[in-house]
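Coordinates as given in target14.cif (mmCIF, C-alpha atoms):
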```
data_work
#
loop_
_atom_site.label_atom_id
_atom_site.label_comp_id
_atom_site.auth_asym_id
_atom_site.auth_seq_id
_atom_site.Cartn_x
_atom_site.Cartn_y
_atom_site.Cartn_z
CA MET A 4 8.20 18.98 -0.88
CA ILE A 5 11.07 18.34 -3.33
CA ILE A 6 11.39 14.75 -4.45
CA ALA A 7 14.73 13.83 -5.97
CA GLY A 8 14.44 12.48 -9.48
CA ALA A 9 10.64 12.73 -9.62
CA PRO A 10 10.34 15.48 -12.31
CA ASP A 11 11.97 13.18 -14.90
CA VAL A 12 9.56 10.30 -14.26
CA PRO A 13 6.23 10.56 -16.09
CA THR A 14 2.92 9.53 -14.59
CA LEU A 15 1.37 6.77 -16.69
CA HIS A 16 -2.06 5.17 -16.46
CA ALA A 17 -3.16 1.55 -16.63
CA GLU A 18 -6.76 0.72 -17.49
CA ALA A 19 -8.41 -1.64 -15.03
CA PRO A 20 -10.93 -4.24 -16.24
CA ASP A 21 -13.82 -1.95 -15.25
CA GLY A 22 -12.35 1.01 -17.14
CA VAL A 23 -10.92 2.89 -14.15
CA LEU A 24 -7.55 4.50 -14.93
CA VAL A 25 -4.87 3.73 -12.34
CA ALA A 26 -1.83 6.00 -12.15
CA TYR A 27 1.68 4.64 -11.76
CA ARG A 28 5.29 5.73 -12.07
CA ARG A 29 8.41 3.65 -12.73
CA PHE A 30 11.91 4.42 -11.48
CA ALA A 31 15.12 2.77 -12.65
CA GLY A 32 17.51 1.38 -10.09
CA GLU A 33 21.21 1.99 -9.91
CA ARG A 34 22.78 -1.09 -11.45
CA ALA A 35 25.54 -2.08 -9.08
CA THR A 36 25.56 -5.88 -8.91
CA ASP A 37 24.58 -8.88 -11.01
CA ALA A 38 22.17 -9.90 -8.24
CA ALA A 39 20.36 -6.56 -8.51
CA ASP A 40 20.15 -6.95 -12.28
CA ALA A 41 18.46 -10.32 -11.82
CA ALA A 42 15.94 -9.12 -9.22
CA PRO A 43 12.43 -8.12 -10.32
CA PRO A 44 11.07 -4.59 -9.86
CA VAL A 45 9.60 -3.68 -6.49
CA LEU A 46 5.94 -2.64 -6.48
CA LEU A 47 5.09 -0.19 -3.66
CA VAL A 48 1.43 0.12 -2.61
CA HIS A 49 0.38 2.94 -0.27
CA GLY A 50 -2.36 3.04 2.34
CA PHE A 51 -5.67 4.84 2.74
CA ALA A 52 -6.05 8.58 2.12
CA THR A 53 -2.53 9.21 0.87
CA THR A 54 -0.59 8.92 -2.41
CA ALA A 55 2.49 7.23 -3.81
CA ARG A 56 4.34 10.54 -3.88
CA VAL A 57 3.75 11.16 -0.18
CA THR A 58 4.18 7.58 1.03
CA TRP A 59 7.06 6.30 -1.06
CA GLU A 60 8.81 9.11 -2.91
CA GLY A 61 8.75 11.78 -0.23
CA THR A 62 9.93 9.40 2.53
CA GLY A 63 13.00 8.12 0.70
CA TRP A 64 11.73 4.62 -0.07
CA VAL A 65 12.18 4.97 -3.82
CA ARG A 66 15.68 6.38 -3.45
CA ALA A 67 16.69 3.62 -1.01
CA LEU A 68 15.48 0.87 -3.35
CA GLN A 69 17.14 2.51 -6.34
CA ALA A 70 20.41 2.65 -4.43
CA ALA A 71 20.02 -1.09 -3.78
CA GLY A 72 19.83 -1.60 -7.53
CA ARG A 73 16.09 -2.21 -7.75
CA ASP A 74 13.67 -0.85 -10.30
CA VAL A 75 10.61 0.55 -8.52
CA ILE A 76 6.96 0.91 -9.51
CA VAL A 77 4.68 3.11 -7.42
CA THR A 78 0.95 3.39 -7.97
CA ASP A 79 -1.92 5.51 -6.70
CA LEU A 80 -4.83 3.37 -5.54
CA ARG A 81 -8.11 4.18 -7.23
CA GLY A 82 -9.80 7.02 -5.37
CA HIS A 83 -6.40 8.52 -4.56
CA GLY A 84 -3.81 10.78 -6.14
CA ASP A 85 -3.73 10.81 -9.93
CA SER A 86 -5.96 7.76 -10.37
CA ASP A 87 -9.66 7.87 -11.24
CA LYS A 88 -12.00 8.34 -8.29
CA PRO A 89 -15.27 6.42 -8.63
CA VAL A 90 -17.75 7.14 -5.85
CA ASP A 91 -19.64 3.85 -5.54
CA ALA A 92 -18.60 1.30 -2.94
CA ALA A 93 -18.75 -1.59 -5.42
CA SER A 94 -15.77 -0.07 -7.24
CA TYR A 95 -13.58 -0.62 -4.17
CA GLY A 96 -14.05 -4.32 -3.60
CA ARG A 97 -10.87 -6.22 -2.70
CA ASP A 98 -10.75 -8.13 -5.98
CA ARG A 99 -11.14 -4.97 -8.05
CA LEU A 100 -8.28 -3.33 -6.20
CA GLY A 101 -6.18 -6.43 -6.76
CA ASP A 102 -7.05 -6.35 -10.46
CA ASP A 103 -5.85 -2.73 -10.56
CA LEU A 104 -2.37 -3.91 -9.60
CA VAL A 105 -2.47 -6.62 -12.26
CA ALA A 106 -3.38 -3.92 -14.79
CA VAL A 107 -0.42 -1.80 -13.65
CA LEU A 108 1.98 -4.72 -14.09
CA ASP A 109 0.55 -5.45 -17.54
CA SER A 110 0.80 -1.81 -18.58
CA ALA A 111 4.39 -1.61 -17.32
CA GLY A 112 5.31 -4.82 -19.17
CA VAL A 113 6.40 -6.52 -15.96
CA GLU A 114 5.71 -10.20 -15.39
CA VAL A 115 6.94 -10.68 -11.80
CA VAL A 116 7.50 -8.26 -8.92
CA ASP A 117 8.43 -8.14 -5.30
CA ALA A 118 5.84 -6.08 -3.41
CA VAL A 119 5.68 -3.85 -0.35
CA GLY A 120 2.27 -2.78 0.95
CA TYR A 121 1.67 -0.48 3.89
CA SER A 122 -1.53 -0.37 5.94
CA LEU A 123 -4.45 -0.69 3.47
CA GLY A 124 -1.81 -1.28 0.81
CA GLY A 125 -0.93 -4.55 2.51
CA ARG A 126 -4.45 -5.81 1.94
CA ILE A 127 -4.33 -4.75 -1.70
CA VAL A 128 -1.02 -6.57 -2.15
CA SER A 129 -2.65 -9.63 -0.60
CA ALA A 130 -5.48 -9.24 -3.12
CA LEU A 131 -2.90 -9.18 -5.92
CA THR A 132 -1.44 -12.46 -4.69
CA GLY A 133 -4.92 -13.95 -4.77
CA ARG A 134 -5.66 -12.72 -8.29
CA ALA A 135 -2.23 -13.47 -9.79
CA SER A 136 -0.08 -15.35 -7.31
CA GLY A 137 2.54 -16.32 -9.87
CA ARG A 138 3.39 -12.68 -10.48
CA VAL A 139 4.60 -11.97 -6.94
CA ARG A 140 7.91 -13.40 -5.73
CA ARG A 141 8.22 -11.99 -2.18
CA VAL A 142 6.13 -9.56 -0.13
CA VAL A 143 6.60 -7.18 2.78
CA ILE A 144 3.47 -6.18 4.69
CA GLY A 145 3.78 -3.16 6.98
CA GLY A 146 1.29 -1.71 9.43
CA ALA A 147 -1.44 -4.29 8.78
CA GLY A 148 -2.83 -7.29 10.62
CA PRO A 149 -5.73 -9.72 10.50
CA SER A 150 -8.34 -7.17 11.67
CA GLU A 151 -9.43 -4.64 9.06
CA LEU A 152 -9.77 -1.18 10.62
CA PHE A 153 -12.84 0.06 8.74
CA ALA A 154 -14.87 -2.95 9.85
CA THR A 155 -14.64 -1.60 13.41
CA TRP A 156 -16.08 1.80 12.44
CA ASP A 157 -19.69 2.91 12.48
CA PRO A 158 -20.16 3.70 8.77
CA GLU A 159 -22.62 6.48 9.59
CA GLU A 160 -20.01 8.27 11.66
CA ALA A 161 -17.55 8.16 8.75
CA ARG A 162 -20.29 9.31 6.37
CA GLY A 163 -21.26 12.16 8.69
CA LEU A 164 -17.72 13.48 8.94
CA LEU A 165 -16.92 13.15 5.25
CA LEU A 166 -20.15 14.50 3.81
CA ARG A 167 -21.46 16.83 6.53
CA GLY A 168 -18.48 17.63 8.74
CA ALA A 169 -20.21 16.07 11.74
CA PRO A 170 -17.73 15.14 14.52
CA PRO A 171 -17.63 11.34 15.05
CA ARG A 172 -17.86 9.77 18.50
CA ASN A 173 -14.99 7.44 17.59
CA PRO A 174 -11.80 9.56 17.82
CA VAL A 175 -9.92 7.21 15.48
CA ILE A 176 -12.24 8.13 12.61
CA ALA A 177 -11.35 11.79 13.00
CA GLN A 178 -7.64 10.99 13.39
CA VAL A 179 -7.64 9.08 10.10
CA LEU A 180 -9.96 11.26 8.03
CA ARG A 181 -9.25 14.85 9.06
CA PRO A 182 -5.71 14.99 7.62
CA ALA A 183 -7.05 13.62 4.34
CA LEU A 184 -9.76 16.26 4.22
CA GLU A 185 -7.28 18.99 5.02
CA SER A 186 -5.13 17.84 2.09
CA GLY A 187 -8.08 18.12 -0.31
CA ALA A 188 -8.87 14.43 -0.80
CA ASP A 189 -12.10 13.50 -2.58
CA ARG A 190 -14.67 13.00 0.19
CA GLU A 191 -17.09 10.79 -1.74
CA ALA A 192 -14.30 8.60 -3.09
CA LEU A 193 -12.88 8.10 0.41
CA LEU A 194 -16.29 7.11 1.72
CA ALA A 195 -16.77 4.66 -1.13
CA CYS A 196 -13.35 3.16 -0.41
CA ILE A 197 -14.19 2.74 3.29
CA GLU A 198 -17.48 1.04 2.49
CA GLY A 199 -16.07 -1.13 -0.28
CA ILE A 200 -12.96 -2.48 1.42
CA ALA A 201 -14.33 -2.81 5.00
CA GLY A 202 -13.68 -6.28 6.36
CA ALA A 203 -11.34 -7.35 3.56
CA PRO A 204 -9.05 -10.16 4.72
CA LEU A 205 -5.27 -10.15 4.78
CA GLU A 206 -4.54 -13.48 3.11
CA LEU A 207 -1.36 -14.64 1.41
CA PRO A 208 -0.59 -17.93 -0.35
CA SER A 209 1.08 -20.29 2.11
CA GLU A 210 4.10 -20.79 -0.14
CA LEU A 211 4.76 -17.07 -0.64
CA ALA A 212 7.76 -15.67 1.25
CA ALA A 213 6.50 -12.81 3.43
CA LEU A 214 7.85 -10.42 6.06
CA PHE A 215 5.67 -8.40 8.42
CA VAL A 216 6.81 -5.09 9.91
CA VAL A 217 4.96 -3.21 12.68
CA GLY A 218 5.55 -0.24 14.92
CA GLU A 219 5.82 -0.92 18.62
CA LEU A 220 3.17 1.76 19.34
CA ASP A 221 0.88 0.96 16.40
CA PRO A 222 -2.48 -0.64 17.36
CA VAL A 223 -3.60 -1.19 13.75
CA PRO A 224 -1.75 -4.47 13.08
CA ALA A 225 -2.96 -6.16 16.28
CA GLY A 226 -2.75 -9.94 15.98
CA VAL A 227 -0.12 -9.94 13.24
CA GLU A 228 2.31 -11.96 15.38
CA GLN A 229 -0.07 -14.93 15.41
CA LEU A 230 -0.81 -14.51 11.71
CA ALA A 231 2.91 -14.60 10.95
CA ARG A 232 3.50 -17.52 13.30
CA ASP A 233 0.76 -19.54 11.62
CA ARG A 234 2.42 -19.18 8.22
CA GLY A 235 6.03 -19.39 9.40
CA SER A 236 6.90 -15.77 8.63
CA ASP A 237 8.99 -13.30 10.61
CA VAL A 238 7.74 -10.12 12.26
CA ILE A 239 10.00 -7.12 12.82
CA THR A 240 8.88 -4.61 15.46
CA VAL A 241 10.21 -1.07 15.11
CA PRO A 242 10.77 0.39 18.61
CA GLY A 243 9.00 3.61 19.56
CA ARG A 244 7.14 4.01 16.28
CA ASP A 245 3.40 4.46 15.66
CA HIS A 246 1.34 3.85 12.51
CA VAL A 247 2.63 6.95 10.74
CA SER A 248 6.23 7.07 11.94
CA THR A 249 6.91 3.37 11.26
CA LEU A 250 6.72 4.09 7.55
CA THR A 251 9.65 6.53 7.66
CA SER A 252 11.87 4.28 9.78
CA ARG A 253 15.26 3.33 8.38
CA THR A 254 14.81 0.04 10.21
CA PHE A 255 11.75 -0.70 8.09
CA LYS A 256 13.52 0.22 4.84
CA ASP A 257 16.62 -1.82 5.63
CA ALA A 258 14.57 -4.86 6.70
CA ALA A 259 12.45 -4.74 3.55
CA ILE A 260 15.42 -4.27 1.21
CA GLY A 261 17.32 -7.10 2.86
CA PHE A 262 14.34 -9.46 2.80
CA LEU A 263 13.50 -8.71 -0.83
CA ALA A 264 17.11 -9.35 -1.80
CA GLY A 265 16.27 -12.90 -0.76
#
```

Whole structure given in structure tokens:
Amino acid sequence: MIIAGAPDVPTLHAEAPDGVLVAYRRFAGERATDAADAAPPVLLVHGFATTARVTWEGTGWVRALQAAGRDVIVTDLRGHGDSDKPVDAASYGRDRLGDDLVAVLDSAGVEVVDAVGYSLGGRIVSALTGRASGRVRRVVIGGAGPSELFATWDPEEARGLLLRGAPPRNPVIAQVLRPALESGADREALLACIEGIAGAPLELPSELAALFVVGELDPVPAGVEQLARDRGSDVITVPGRDHVSTLTSRTFKDAAIGFLAG
């Protein structure tokens, strides 16, 4: 896959409080308007078993935000991509993952961001707002709802597939994990992430401006309409899209860019 502009952007690392190194990359926006100059960078946080390059760079998100005049920061969650990959579940607690994002902002010298999180990334963005609420101006949460997917799994089935190749009874486990295994993801790190983040809430400060985006055919964010209603936020449903294809939707990009323009 060829990613426009990526070869000129170095991969940097922030050190989390527990010593884990978290990879990130920063892209400069095209300065077109005074409003864009005044806007903070946009932090993009990917989901489980993928990377920033695949989720945000390869799908055109970075280019779209740059064209809107926004600086962009992408990061690989710990256990993924170019970040360190601890293999103990305690290293993947919600607060630790939120602290990773704080470390990235500190390393990048950025005080305030807008943030977009997709799937698991939405929960990590919510963790960031809990750890450092004053550093997030507006958020977009895609493909995530009040129920955390891993909490519905039998952990032994996930362990069996990841460590022994045993087929799980739950077809969703195979649907989520097999593509990651085929791409060469670290099996023990993925298992630790599943065990560490299972059941993590999706909570945002009541005063924080937030937009939720879901695919019409995506079962993962079930219940998000009520969650949004309770906090007075909007939900945009992308017709005909599932959990994977929602991410690539131009509708999603345009909605996020417009909302973050504020």

Within 6 Å of range 126-138 of chain A: each range 145-226 of chain A residue with its shortest pair, all atoms listed in the file, as a tab-separated table:
```
residue	atom	partner	partner_atom	distance
A:Leu205	CA	A:Arg126	CA	5.3
A:Glu206	CA	A:Ser129	CA	5.7
A:Leu207	CA	A:Ser129	CA	5.6
```

Could you check the closest approach to Ala231 in chain A for each of A:Ala92, A:Ala188, A:Ala147, A:Ala195 and tell me which residue wins, using only C-alpha atoms?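 Of A:Ala92, A:Ala188, A:Ala147, A:Ala195, the one nearest Ala231 in chain A, counting only C-alpha atoms, is A:Ala147.
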
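Counting all atoms listed in the file and comparing A:Ala71, A:Val23, A:Gly243, A:Tyr121, the residue that lies closest to Ala55 in chain A is A:Tyr121.
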
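For the residues A:Asp189, A:Asp74, A:Asp79, A:Asp85, ranking by smallest atom-to-atom distance to Asp117 in chain A using only C-alpha atoms places A:Asp74 first.
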
Starting from the shown file, work through the PyMOL selection byres ((chain A and resi 81) around 9) and note down what comes out as a PyMOL selection string. chain A and resi 23-26+79-80+82-89+94-95+100+103+192+196

Please, what distance in Å, to one decimal, runs between CA of Leu68 in chain A and CA of Val139 in chain A? 17.2 Å

Mind rebuilding range 182-218 of chain A with N, CA and C atoms and writing that out as a CSV table (one decimal), in the coordinates of the input?
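Result file is selection14.csv:
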```csv
chain,number,residue,atom,x,y,z
A,182,PRO,N,-6.9,14.6,8.4
A,182,PRO,CA,-5.7,15.0,7.6
A,182,PRO,C,-6.0,14.8,6.1
A,183,ALA,N,-6.7,13.8,5.8
A,183,ALA,CA,-7.0,13.6,4.3
A,183,ALA,C,-7.9,14.8,3.8
A,184,LEU,N,-8.9,15.2,4.6
A,184,LEU,CA,-9.8,16.3,4.2
A,184,LEU,C,-9.0,17.6,4.1
A,185,GLU,N,-8.1,17.8,5.0
A,185,GLU,CA,-7.3,19.0,5.0
A,185,GLU,C,-6.4,19.1,3.8
A,186,SER,N,-6.0,17.9,3.3
A,186,SER,CA,-5.1,17.8,2.1
A,186,SER,C,-5.9,17.9,0.8
A,187,GLY,N,-7.3,18.0,0.9
A,187,GLY,CA,-8.1,18.1,-0.3
A,187,GLY,C,-8.5,16.8,-1.0
A,188,ALA,N,-8.5,15.7,-0.2
A,188,ALA,CA,-8.9,14.4,-0.8
A,188,ALA,C,-10.3,14.4,-1.2
A,189,ASP,N,-10.7,13.6,-2.1
A,189,ASP,CA,-12.1,13.5,-2.6
A,189,ASP,C,-13.0,12.8,-1.5
A,190,ARG,N,-13.9,13.5,-0.9
A,190,ARG,CA,-14.7,13.0,0.2
A,190,ARG,C,-15.5,11.8,-0.2
A,191,GLU,N,-16.2,11.9,-1.3
A,191,GLU,CA,-17.1,10.8,-1.7
A,191,GLU,C,-16.3,9.6,-2.1
A,192,ALA,N,-15.1,9.7,-2.7
A,192,ALA,CA,-14.3,8.6,-3.1
A,192,ALA,C,-13.8,7.9,-1.8
A,193,LEU,N,-13.4,8.7,-0.8
A,193,LEU,CA,-12.9,8.1,0.4
A,193,LEU,C,-14.0,7.3,1.1
A,194,LEU,N,-15.2,7.8,1.1
A,194,LEU,CA,-16.3,7.1,1.7
A,194,LEU,C,-16.6,5.8,1.0
A,195,ALA,N,-16.5,5.9,-0.3
A,195,ALA,CA,-16.8,4.7,-1.1
A,195,ALA,C,-15.7,3.6,-0.9
A,196,CYS,N,-14.4,4.1,-0.7
A,196,CYS,CA,-13.4,3.2,-0.4
A,196,CYS,C,-13.6,2.5,0.9
A,197,ILE,N,-13.9,3.3,2.0
A,197,ILE,CA,-14.2,2.7,3.3
A,197,ILE,C,-15.3,1.7,3.2
A,198,GLU,N,-16.4,2.0,2.6
A,198,GLU,CA,-17.5,1.0,2.5
A,198,GLU,C,-17.1,-0.2,1.6
A,199,GLY,N,-16.3,0.0,0.6
A,199,GLY,CA,-16.1,-1.1,-0.3
A,199,GLY,C,-15.0,-2.1,0.2
A,200,ILE,N,-14.1,-1.6,1.0
A,200,ILE,CA,-13.0,-2.5,1.4
A,200,ILE,C,-13.1,-3.0,2.9
A,201,ALA,N,-14.1,-2.4,3.6
A,201,ALA,CA,-14.3,-2.8,5.0
A,201,ALA,C,-14.4,-4.3,5.2
A,202,GLY,N,-13.6,-4.9,6.1
A,202,GLY,CA,-13.7,-6.3,6.4
A,202,GLY,C,-12.9,-7.2,5.4
A,203,ALA,N,-12.1,-6.6,4.5
A,203,ALA,CA,-11.3,-7.4,3.6
A,203,ALA,C,-10.3,-8.1,4.3
A,204,PRO,N,-10.0,-9.4,4.0
A,204,PRO,CA,-9.0,-10.2,4.7
A,204,PRO,C,-7.6,-9.9,4.3
A,205,LEU,N,-6.7,-10.2,5.1
A,205,LEU,CA,-5.3,-10.2,4.8
A,205,LEU,C,-4.8,-11.6,4.6
A,206,GLU,N,-4.8,-12.1,3.4
A,206,GLU,CA,-4.5,-13.5,3.1
A,206,GLU,C,-3.4,-13.6,2.1
A,207,LEU,N,-2.5,-14.4,2.3
A,207,LEU,CA,-1.4,-14.6,1.4
A,207,LEU,C,-1.2,-16.1,1.1
A,208,PRO,N,-0.8,-16.5,-0.1
A,208,PRO,CA,-0.6,-17.9,-0.4
A,208,PRO,C,0.4,-18.5,0.6
A,209,SER,N,0.2,-19.7,1.1
A,209,SER,CA,1.1,-20.3,2.1
A,209,SER,C,2.5,-20.4,1.7
A,210,GLU,N,2.7,-20.6,0.4
A,210,GLU,CA,4.1,-20.8,-0.1
A,210,GLU,C,4.8,-19.5,-0.4
A,211,LEU,N,4.2,-18.4,-0.3
A,211,LEU,CA,4.8,-17.1,-0.6
A,211,LEU,C,5.6,-16.6,0.5
A,212,ALA,N,6.9,-16.2,0.2
A,212,ALA,CA,7.8,-15.7,1.2
A,212,ALA,C,7.3,-14.3,1.7
A,213,ALA,N,7.1,-14.1,3.0
A,213,ALA,CA,6.5,-12.8,3.4
A,213,ALA,C,7.2,-12.4,4.7
A,214,LEU,N,7.3,-11.0,4.8
A,214,LEU,CA,7.8,-10.4,6.1
A,214,LEU,C,6.8,-9.4,6.5
A,215,PHE,N,6.6,-9.4,7.8
A,215,PHE,CA,5.7,-8.4,8.4
A,215,PHE,C,6.5,-7.4,9.3
A,216,VAL,N,6.1,-6.1,9.2
A,216,VAL,CA,6.8,-5.1,9.9
A,216,VAL,C,5.8,-4.2,10.6
A,217,VAL,N,5.9,-4.0,11.9
A,217,VAL,CA,5.0,-3.2,12.7
A,217,VAL,C,5.7,-2.3,13.6
A,218,GLY,N,5.0,-1.2,13.9
A,218,GLY,CA,5.6,-0.2,14.9
A,218,GLY,C,5.2,-0.7,16.3
```
